[in-house]
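Visitor: Just target.tsv, nothing more (TSV, C-alpha atoms and all ligand atoms):
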```tsv
chain	number	residue	atom	x	y	z
A	63	MET	CA	-47.57	93.06	-3.75
A	64	SER	CA	-45.54	92.69	-0.57
A	65	GLN	CA	-47.46	93.11	2.62
A	66	VAL	CA	-47.86	96.57	4.15
A	67	LYS	CA	-44.39	97.69	5.17
A	68	GLU	CA	-45.14	97.92	8.89
A	69	THR	CA	-45.67	94.17	8.87
A	70	LEU	CA	-42.74	92.62	10.58
A	71	PRO	CA	-41.01	89.57	9.07
A	72	GLN	CA	-42.70	86.37	10.28
A	73	ARG	CA	-40.90	85.08	13.39
A	74	GLY	CA	-39.72	81.54	13.11
A	75	LYS	CA	-40.19	79.39	16.19
A	76	ALA	CA	-37.45	80.31	18.58
A	77	GLY	CA	-34.41	78.19	17.77
A	78	SER	CA	-33.56	78.12	21.43
A	79	THR	CA	-35.94	77.47	24.28
A	80	MET	CA	-34.25	80.41	25.90
A	81	MET	CA	-35.00	82.75	22.97
A	82	ASP	CA	-36.37	85.60	24.98
A	83	SER	CA	-37.13	88.24	22.42
A	84	GLU	CA	-37.28	88.84	18.68
A	85	ALA	CA	-34.43	91.24	19.28
A	86	HIS	CA	-32.21	88.19	18.73
A	87	GLU	CA	-33.23	88.16	15.07
A	88	LYS	CA	-31.76	91.62	14.65
A	89	ARG	CA	-28.56	90.76	16.41
A	90	PRO	CA	-25.35	89.92	14.54
A	91	PRO	CA	-24.78	86.14	14.46
A	92	MET	CA	-23.40	84.63	17.68
A	93	LEU	CA	-19.68	84.21	17.14
A	94	THR	CA	-18.23	80.81	18.00
A	95	SER	CA	-14.69	80.45	19.27
A	96	SER	CA	-13.57	79.23	15.80
A	97	ASN	CA	-14.45	82.46	14.01
A	98	GLN	CA	-13.94	84.64	17.04
A	99	ASP	CA	-13.43	88.26	16.14
A	100	LEU	CA	-11.69	90.46	18.69
A	101	SER	CA	-13.50	93.61	17.64
A	102	PRO	CA	-16.24	93.73	20.29
A	103	HIS	CA	-18.68	95.68	18.10
A	104	ILE	CA	-19.17	92.66	15.83
A	105	ALA	CA	-19.58	90.26	18.74
A	106	GLY	CA	-22.38	92.46	20.05
A	107	VAL	CA	-20.59	92.84	23.39
A	108	GLY	CA	-20.72	96.47	24.45
A	109	ASP	CA	-23.89	97.01	22.39
A	110	MET	CA	-25.32	99.86	24.44
A	111	LYS	CA	-28.84	99.75	22.94
A	112	HIS	CA	-30.02	97.13	25.45
A	113	TYR	CA	-28.88	99.38	28.32
A	114	LEU	CA	-30.58	102.43	26.78
A	115	CYS	CA	-33.86	100.61	26.08
A	116	GLY	CA	-33.89	99.17	29.63
A	117	TYR	CA	-33.30	102.65	31.05
A	118	CYS	CA	-36.17	104.22	29.10
A	119	ALA	CA	-38.53	101.33	29.88
A	120	ALA	CA	-37.92	101.76	33.62
A	121	PHE	CA	-38.40	105.55	33.50
A	122	ASN	CA	-41.71	105.05	31.70
A	123	ASN	CA	-42.82	102.53	34.31
A	124	VAL	CA	-41.95	104.44	37.50
A	125	ALA	CA	-43.46	107.69	36.24
A	126	ILE	CA	-46.78	105.89	35.65
A	127	THR	CA	-47.02	103.50	38.60
A	128	TYR	CA	-45.36	105.29	41.55
A	129	PRO	CA	-48.55	106.22	43.48
A	130	VAL	CA	-49.77	102.60	43.36
A	131	GLN	CA	-46.35	101.41	44.55
A	132	LYS	CA	-46.57	103.79	47.52
A	133	ILE	CA	-49.96	102.45	48.64
A	134	LEU	CA	-48.73	98.86	48.63
A	135	PHE	CA	-45.53	99.87	50.44
A	136	ARG	CA	-47.61	101.18	53.36
A	137	GLN	CA	-49.50	97.88	53.39
A	138	GLN	CA	-46.26	95.86	53.40
A	139	LEU	CA	-44.80	97.90	56.24
A	140	TYR	CA	-47.84	98.28	58.51
A	141	GLY	CA	-49.92	95.27	57.50
A	142	ILE	CA	-52.92	97.54	56.85
A	143	LYS	CA	-55.77	97.23	54.34
A	144	THR	CA	-55.64	99.03	50.97
A	145	ARG	CA	-58.40	101.42	52.05
A	146	ASP	CA	-56.44	102.42	55.18
A	147	ALA	CA	-53.25	102.88	53.14
A	148	VAL	CA	-55.10	105.16	50.70
A	149	LEU	CA	-56.56	107.17	53.62
A	150	GLN	CA	-53.04	107.43	55.10
A	151	LEU	CA	-51.69	108.89	51.83
A	152	ARG	CA	-54.66	111.25	51.52
A	153	LYS	CA	-53.91	112.45	55.04
A	154	ASP	CA	-50.25	113.00	54.04
A	155	GLY	CA	-51.51	115.33	51.30
A	156	PHE	CA	-51.00	115.45	47.49
A	157	ARG	CA	-47.65	117.27	47.91
A	158	ASN	CA	-46.31	114.14	49.61
A	159	LEU	CA	-47.77	111.70	47.05
A	160	TYR	CA	-44.64	111.73	44.87
A	161	ARG	CA	-42.32	112.12	47.87
A	162	GLY	CA	-39.65	109.47	47.45
A	163	ILE	CA	-39.93	109.11	43.66
A	164	LEU	CA	-36.40	110.40	42.94
A	165	PRO	CA	-34.59	107.34	44.39
A	166	PRO	CA	-36.64	104.79	42.37
A	167	LEU	CA	-36.32	106.91	39.22
A	168	MET	CA	-32.53	106.96	39.71
A	169	GLN	CA	-32.39	103.34	40.91
A	170	LYS	CA	-34.92	101.55	38.68
A	171	THR	CA	-33.68	103.22	35.48
A	172	THR	CA	-30.11	102.18	36.31
A	173	THR	CA	-30.96	98.69	37.60
A	174	LEU	CA	-33.12	97.86	34.60
A	175	ALA	CA	-30.47	99.21	32.24
A	176	LEU	CA	-28.03	96.85	34.00
A	177	MET	CA	-30.56	94.03	34.09
A	178	PHE	CA	-31.26	94.00	30.33
A	179	GLY	CA	-27.83	95.16	29.16
A	180	LEU	CA	-25.71	92.91	31.36
A	181	TYR	CA	-27.98	89.93	30.65
A	182	GLU	CA	-27.31	90.37	26.92
A	183	ASP	CA	-23.58	90.99	27.26
A	184	LEU	CA	-22.96	88.28	29.89
A	185	SER	CA	-25.01	85.76	27.89
A	186	ARG	CA	-22.82	86.39	24.84
A	187	LEU	CA	-19.59	86.33	26.80
A	188	LEU	CA	-20.48	83.14	28.69
A	189	HIS	CA	-21.70	81.44	25.49
A	190	LYS	CA	-18.49	82.43	23.72
A	191	HIS	CA	-16.14	81.30	26.51
A	192	VAL	CA	-18.11	78.32	27.81
A	193	SER	CA	-19.50	77.12	24.48
A	194	SER	CA	-19.76	73.53	25.78
A	195	ALA	CA	-22.36	74.53	28.41
A	196	PRO	CA	-26.06	74.39	27.44
A	197	GLU	CA	-27.48	77.81	26.50
A	198	PHE	CA	-30.07	77.47	29.28
A	199	ALA	CA	-27.30	77.30	31.88
A	200	THR	CA	-25.23	80.20	30.51
A	201	ARG	CA	-28.30	82.42	30.23
A	202	SER	CA	-29.44	81.56	33.77
A	203	VAL	CA	-25.99	82.41	35.15
A	204	ALA	CA	-26.04	85.66	33.15
A	205	ALA	CA	-29.46	86.52	34.63
A	206	LEU	CA	-28.21	85.74	38.14
A	207	LEU	CA	-25.07	87.87	37.71
A	208	ALA	CA	-27.11	90.74	36.28
A	209	GLY	CA	-29.46	90.62	39.28
A	210	THR	CA	-26.50	90.56	41.66
A	211	THR	CA	-24.93	93.58	39.96
A	212	GLU	CA	-28.19	95.49	40.32
A	213	ALA	CA	-27.87	95.17	44.12
A	214	ILE	CA	-24.99	97.69	43.97
A	215	LEU	CA	-27.78	100.29	43.90
A	216	THR	CA	-29.35	99.06	47.16
A	217	PRO	CA	-28.76	102.50	48.81
A	218	PHE	CA	-31.38	104.06	46.52
A	219	GLU	CA	-34.02	101.46	47.41
A	220	ARG	CA	-33.04	101.82	51.07
A	221	VAL	CA	-33.49	105.61	51.02
A	222	GLN	CA	-36.75	105.25	49.12
A	223	THR	CA	-38.07	103.02	51.93
A	224	LEU	CA	-37.23	105.70	54.51
A	225	LEU	CA	-38.87	108.47	52.44
A	226	GLN	CA	-42.03	106.41	51.90
A	227	ASP	CA	-42.42	105.59	55.58
A	228	HIS	CA	-44.45	108.37	57.24
A	229	LYS	CA	-42.81	107.71	60.62
A	230	HIS	CA	-39.67	109.36	59.18
A	231	HIS	CA	-41.48	112.39	57.73
A	232	ASP	CA	-40.09	114.59	60.53
A	233	LYS	CA	-36.46	113.39	60.15
A	234	PHE	CA	-35.76	114.50	56.55
A	235	THR	CA	-37.70	116.18	53.78
A	236	ASN	CA	-35.90	114.97	50.63
A	237	THR	CA	-33.58	112.35	49.11
A	238	TYR	CA	-30.39	114.33	49.81
A	239	GLN	CA	-31.23	114.76	53.50
A	240	ALA	CA	-32.14	111.06	53.76
A	241	PHE	CA	-28.74	110.08	52.33
A	242	ARG	CA	-27.01	112.51	54.72
A	243	ALA	CA	-28.94	111.15	57.72
A	244	LEU	CA	-27.39	107.71	57.15
A	245	ARG	CA	-23.80	108.96	56.78
A	246	CYS	CA	-23.01	108.93	60.52
A	247	HIS	CA	-23.91	105.19	60.66
A	248	GLY	CA	-21.26	104.20	58.09
A	249	ILE	CA	-21.40	102.75	54.56
A	250	ALA	CA	-23.00	99.46	55.75
A	251	GLU	CA	-26.11	101.41	56.74
A	252	TYR	CA	-26.69	102.28	53.07
A	253	TYR	CA	-26.72	98.55	52.25
A	254	ARG	CA	-29.14	97.49	54.98
A	255	GLY	CA	-31.55	95.00	53.37
A	256	MET	CA	-29.17	93.92	50.58
A	257	VAL	CA	-29.49	90.17	51.29
A	258	PRO	CA	-33.25	89.95	50.53
A	259	ILE	CA	-32.65	92.15	47.48
A	260	LEU	CA	-29.97	89.73	46.18
A	261	PHE	CA	-32.36	86.78	46.57
A	262	ARG	CA	-35.25	88.69	44.97
A	263	ASN	CA	-33.25	89.96	42.00
A	264	GLY	CA	-31.59	86.65	41.20
A	265	PHE	CA	-34.84	84.69	41.50
A	266	GLY	CA	-36.76	87.21	39.41
A	267	ASN	CA	-34.19	87.54	36.64
A	268	VAL	CA	-33.62	83.82	36.08
A	269	LEU	CA	-37.34	83.12	35.76
A	270	PHE	CA	-38.15	86.31	33.82
A	271	PHE	CA	-35.53	85.80	31.11
A	272	GLY	CA	-36.02	82.03	31.13
A	273	LEU	CA	-39.79	82.10	30.66
A	274	ARG	CA	-40.30	85.28	28.61
A	275	GLY	CA	-39.47	83.60	25.31
A	276	PRO	CA	-41.61	80.45	25.77
A	277	ILE	CA	-44.62	82.53	26.95
A	278	LYS	CA	-44.36	84.80	23.91
A	279	GLU	CA	-44.03	81.75	21.63
A	280	SER	CA	-47.30	80.43	23.09
A	281	LEU	CA	-49.18	83.62	22.14
A	282	PRO	CA	-50.64	84.20	18.65
A	283	THR	CA	-47.76	85.10	16.29
A	284	ALA	CA	-47.54	88.89	15.93
A	285	THR	CA	-47.07	90.34	12.45
A	286	THR	CA	-47.40	94.07	13.20
A	287	TYR	CA	-45.77	96.46	15.67
A	288	SER	CA	-49.03	96.85	17.61
A	289	ALA	CA	-49.54	93.08	17.84
A	290	HIS	CA	-45.96	92.70	19.13
A	291	LEU	CA	-46.63	95.49	21.64
A	292	VAL	CA	-49.70	93.64	22.96
A	293	ASN	CA	-47.89	90.29	23.11
A	294	ASP	CA	-44.89	91.83	24.86
A	295	PHE	CA	-47.17	93.57	27.40
A	296	ILE	CA	-48.99	90.29	28.08
A	297	CYS	CA	-45.89	88.11	28.60
A	298	GLY	CA	-44.11	90.81	30.64
A	299	GLY	CA	-47.21	91.49	32.71
A	300	VAL	CA	-48.04	87.84	33.40
A	301	LEU	CA	-44.46	87.13	34.49
A	302	GLY	CA	-44.27	90.34	36.53
A	303	ALA	CA	-47.52	89.57	38.36
A	304	VAL	CA	-46.56	85.98	39.21
A	305	LEU	CA	-42.94	86.77	40.15
A	306	GLY	CA	-44.04	89.85	42.10
A	307	PHE	CA	-46.49	87.68	44.08
A	308	LEU	CA	-43.93	84.94	44.76
A	309	SER	CA	-41.30	87.46	45.91
A	310	PHE	CA	-43.79	89.51	48.00
A	311	PRO	CA	-42.76	88.02	51.40
A	312	ILE	CA	-39.10	88.84	50.62
A	313	ASN	CA	-40.12	92.47	50.08
A	314	VAL	CA	-42.12	92.52	53.32
A	315	VAL	CA	-38.96	91.49	55.19
A	316	LYS	CA	-36.87	93.93	53.14
A	317	ALA	CA	-39.24	96.83	53.94
A	318	ARG	CA	-39.08	96.05	57.66
A	319	ILE	CA	-35.26	95.78	57.64
A	320	GLN	CA	-34.87	99.01	55.66
A	321	SER	CA	-37.36	101.05	57.71
A	322	GLN	CA	-34.85	100.92	60.61
A	323	ILE	CA	-32.02	103.49	60.96
A	324	GLY	CA	-28.94	102.30	62.87
A	325	GLY	CA	-28.85	99.44	65.35
A	326	PRO	CA	-27.93	95.78	64.82
A	327	PHE	CA	-28.14	94.14	61.39
A	328	LEU	CA	-30.73	91.40	61.88
A	329	SER	CA	-30.72	88.33	59.60
A	330	LEU	CA	-33.46	87.69	57.03
A	331	PRO	CA	-34.80	84.57	58.91
A	332	MET	CA	-34.85	86.47	62.24
A	333	VAL	CA	-36.83	89.41	60.80
A	334	PHE	CA	-39.18	87.03	58.99
A	335	LYS	CA	-39.86	85.18	62.27
A	336	THR	CA	-40.60	88.48	64.06
A	337	ILE	CA	-43.06	89.57	61.36
A	338	TRP	CA	-44.67	86.08	61.25
A	339	ILE	CA	-45.35	86.20	65.01
A	340	GLU	CA	-46.57	89.83	64.86
A	341	ARG	CA	-49.05	88.88	62.13
A	342	ASP	CA	-50.53	86.01	64.18
A	343	ARG	CA	-48.71	83.39	62.07
A	344	LYS	CA	-51.29	83.89	59.34
A	345	LEU	CA	-50.22	83.80	55.67
A	346	ILE	CA	-53.07	86.16	54.75
A	347	ASN	CA	-51.59	88.80	57.04
A	348	LEU	CA	-48.13	88.31	55.55
A	349	PHE	CA	-49.56	88.89	52.07
A	350	ARG	CA	-51.35	92.16	52.98
A	351	GLY	CA	-50.94	94.31	49.83
A	352	ALA	CA	-50.02	91.35	47.62
A	353	HIS	CA	-53.13	91.82	45.48
A	354	LEU	CA	-52.20	95.44	44.78
A	355	ASN	CA	-48.57	94.40	44.17
A	356	TYR	CA	-49.89	91.75	41.75
A	357	HIS	CA	-51.71	94.41	39.70
A	358	ARG	CA	-48.87	96.96	39.98
A	359	SER	CA	-46.29	94.35	38.90
A	360	LEU	CA	-48.58	93.24	36.04
A	361	ILE	CA	-48.80	96.83	34.78
A	362	SER	CA	-45.15	97.63	35.59
A	363	TRP	CA	-43.60	94.64	33.84
A	364	GLY	CA	-46.09	94.81	31.01
A	365	ILE	CA	-44.99	98.44	30.43
A	366	ILE	CA	-41.30	97.58	30.94
A	367	ASN	CA	-41.26	94.59	28.58
A	368	ALA	CA	-43.42	96.22	25.87
A	369	THR	CA	-41.41	99.49	26.00
A	370	TYR	CA	-38.09	97.62	25.96
A	371	GLU	CA	-38.99	95.38	23.00
A	372	PHE	CA	-40.58	98.26	21.05
A	373	LEU	CA	-37.52	100.51	21.52
A	374	LEU	CA	-35.23	97.63	20.49
A	375	LYS	CA	-37.04	97.53	17.16
A	376	ILE	CA	-36.61	101.25	16.46
A	377	VAL	CA	-33.20	101.97	18.03
A	401	LIG	N1	-40.87	91.22	39.89
A	401	LIG	C1	-40.64	90.76	38.67
A	401	LIG	O1	-41.53	90.40	37.93
A	401	LIG	C2	-39.24	90.73	38.16
A	401	LIG	C3	-39.01	90.42	36.83
A	401	LIG	C4	-37.70	90.41	36.38
A	401	LIG	C5	-36.67	90.67	37.22
A	401	LIG	N2	-36.94	90.96	38.53
A	401	LIG	C6	-35.79	91.25	39.40
A	401	LIG	O2	-36.26	91.78	40.65
A	401	LIG	C7	-35.86	93.17	40.76
A	401	LIG	C8	-36.96	93.95	41.38
A	401	LIG	O3	-38.07	93.86	40.50
A	401	LIG	P1	-39.33	94.74	40.87
A	401	LIG	O4	-38.91	96.15	40.95
A	401	LIG	O5	-40.48	94.38	40.00
A	401	LIG	O6	-39.59	94.21	42.27
A	401	LIG	P2	-40.57	94.78	43.27
A	401	LIG	O7	-41.91	94.95	42.65
A	401	LIG	O8	-40.39	93.90	44.40
A	401	LIG	O9	-40.02	96.26	43.59
A	401	LIG	C9	-38.79	96.31	44.26
A	401	LIG	C10	-38.66	97.70	44.82
A	401	LIG	O10	-38.49	98.60	43.72
A	401	LIG	C11	-39.21	99.78	43.97
A	401	LIG	N3	-40.25	99.92	42.95
A	401	LIG	C12	-40.71	98.96	42.12
A	401	LIG	N4	-41.62	99.47	41.28
A	401	LIG	C13	-41.73	100.78	41.60
A	401	LIG	C14	-42.52	101.86	41.09
A	401	LIG	N5	-43.36	101.68	40.08
A	401	LIG	N6	-42.38	103.06	41.66
A	401	LIG	C15	-41.52	103.23	42.66
A	401	LIG	N7	-40.76	102.29	43.20
A	401	LIG	C16	-40.86	101.07	42.66
A	401	LIG	C17	-39.82	99.63	45.36
A	401	LIG	O11	-38.89	100.12	46.31
A	401	LIG	C18	-39.90	98.14	45.54
A	401	LIG	O12	-39.87	97.75	46.90
A	401	LIG	C19	-35.56	93.62	39.34
A	401	LIG	O13	-34.65	94.71	39.34
A	401	LIG	C20	-34.94	92.36	38.78
A	401	LIG	O14	-33.61	92.24	39.27
A	401	LIG	C21	-38.19	91.02	39.02
```
Can I see the file as structure tokens?
Ligand SMILES: NC(=O)c1ccc[n+]([C@@H]2O[C@H](COP(=O)([O-])OP(=O)(O)OC[C@H]3O[C@@H](n4cnc5c(N)ncnc54)[C@H](O)[C@@H]3O)[C@@H](O)[C@H]2O)c1
Guide:
Amino acid sequence: MSQVKETLPQRGKAGSTMMDSEAHEKRPPMLTSSNQDLSPHIAGVGDMKHYLCGYCAAFNNVAITYPVQKILFRQQLYGIKTRDAVLQLRKDGFRNLYRGILPPLMQKTTTLALMFGLYEDLSRLLHKHVSSAPEFATRSVAALLAGTTEAILTPFERVQTLLQDHKHHDKFTNTYQAFRALRCHGIAEYYRGMVPILFRNGFGNVLFFGLRGPIKESLPTATTYSAHLVNDFICGGVLGAVLGFLSFPINVVKARIQSQIGGPFLSLPMVFKTIWIERDRKLINLFRGAHLNYHRSLISWGIINATYEFLLKIV
């Protein structure tokens, strides 16, 4: 009697060290240049399901973790303790708790759709056109390019920073007004803080897609949907927590750069030096909120990875 039907086929060991999800098993075979077929639907390029699953995974994540994100944002910006950040939000009132959620909902859903979708498409395209290069290299370049493309949506993260910062509460009351308030400063003002975002995205994507497969391979082999869900949450969460911690100082600098409206565009090293001096040159002060970010990133990327992989199986 065959096993209960919800049991998934046994996964073989990933053929490639870069195998980053069992979704590969469901994909049509990678075309080589010799049997190249011009119809993109066979090659898998333009397969929108990775974009759709990334979009839904991000929506799920932001809706659940936004309040935690807001607490750690206040800690990044003002270098205050968690308790003080919570008191600050309580003082702002419940009606302000979800103030600023629209930009991340619009941004994170789109950036994660781009992140997962472009990674898949660019990996296939690069592997097809640069078949002599090792798969590790083509996938890393695909991850880097996907992260760079995500930075197109910097204006949303920039506006979210302004809405989350209580020192701007009197300047605008919603996302639309925040976008309008920047218009008189020119288009560059919407992209203030893009350099740290480019570094953060590229660094995060290369390591996330490069390590996701090996970490999942090291976990007990999953044979049911629920076991896969747990494994995917664990490998996404572990990676999210570690990468979120390593990129925390970049976000501290990004938050400071983006909390400013108008004025000169200061370089990443210059802003970092200013913050370092302000925080008594102590690493512990630079990582204020990192513990909360660690837990939020663990939950966020556990939710994102588990939702993405689960949806890939049913789409
Ligand atoms: N941090 C990671 O583990 C990781 C993993 C893979 C890829 N990346 C790359 O880094 C980029 C940023 O990843 P990240 O978002 O985890 O970095 P992050 O945790 O540094 O968040 C970046 C910004 O996104 C917004 N944000 C994040 N989570 C939010 C939430 N739950 N609610 C509201 N706003 C939220 C905030 O403005 C935050 O400053 C990704 O788009 C990707 O390109 C990061």
Visitor: For Arg152 in chain A, which residue out of A:Val124, A:Leu174, A:Ile133, A:Ile361 is the nearest one, using only C-alpha atoms?
Guide: A:Ile133
Visitor: How would you report the residues lying within 8 Å of ligand LIG 401 (chain A), as a ChimeraX atom specification, if you count all atoms listed in the file?
Guide: /A:123-132,135,163,166-167,170,173-174,177,208-210,212,219-220,222-223,259,262-271,298-299,301-307,309-310,313,316-317,355,358-360,362-363
Visitor: Can you tell me, as a list in words, what residues are no more than 10 Å from range 334-337 of chain A when counting all atoms listed in the file, ignoring any on the same chain fewer than 2 positions away?
Guide: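 Surrounding residues, per the criterion: Leu139, Gly141, Pro311, Ile312, Val314, Val315, Lys316, Arg318, Ile319, Leu328, Ser329, Leu330, Pro331, Met332, Ile339, Glu340, Arg341, Asp342, Arg343, Asn347 and Leu348 of chain A.
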Visitor: So what do you get for CA of Ile376 in chain A versus CA of Phe295 in chain A, distance-wise?
Guide: 17.0 Å
Visitor: Could you tell me which of A:Pro326, A:Asp227, A:Tyr370, A:Phe234 comes closest to Gln138 in chain A if we count all atoms listed in the file?
Guide: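 Among A:Pro326, A:Asp227, A:Tyr370, A:Phe234, it is A:Asp227 that comes nearest to Gln138 in chain A.
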Visitor: Can you tell me how far CA of Phe241 in chain A sits from CA of Phe327 in chain A, in Å to one decimal?
Guide: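 Value for the CA of Phe241 in chain A-CA of Phe327 in chain A distance: 18.3 Å.
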Visitor: Using all atoms listed in the file, find the one residue out of A:Ile296, A:Leu180, A:Leu134, A:Lys143 that sits nearest to Lys111 in chain A.
Guide: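 Looking at the shortest contact to Lys111 in chain A, the residue is A:Leu180.
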Visitor: Would you work out the distance separating CA of Phe178 in chain A from CA of His290 in chain A, expressed in Å to one decimal?
Guide: 18.5 Å
Visitor: Which residue gives the smallest distance to Tyr160 in chain A among A:Asn236, A:Ser280, A:Gln320, A:Thr285, with all atoms listed in the file counted?
Guide: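 Among the listed residues, A:Asn236 lies closest to Tyr160 in chain A.
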Visitor: At a cut-off of 12 Å from (-51.3, 110.1, 55.8) in the coordinates of the file, what residues are picked up using all atoms listed in the file, written as a PyMOL selection string?
Guide: chain A and resi 132-133+136+145-159+226-229+231
Visitor: Looking at all atoms listed in the file, which of A:Phe261, A:Arg242, A:Phe372, A:Ala250 is the one that sits closest to Tyr287 in chain A?
Guide: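 Of A:Phe261, A:Arg242, A:Phe372, A:Ala250, the one nearest Tyr287 in chain A is A:Phe372, counting all atoms listed in the file.
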Visitor: Pick from A:Leu244, A:Ile366, A:Met110, A:Ala205: nearest to Cys297 in chain A, with all atoms listed in the file counted?
Guide: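 Checking each candidate against Cys297 in chain A, we get A:Ile366 as the closest.
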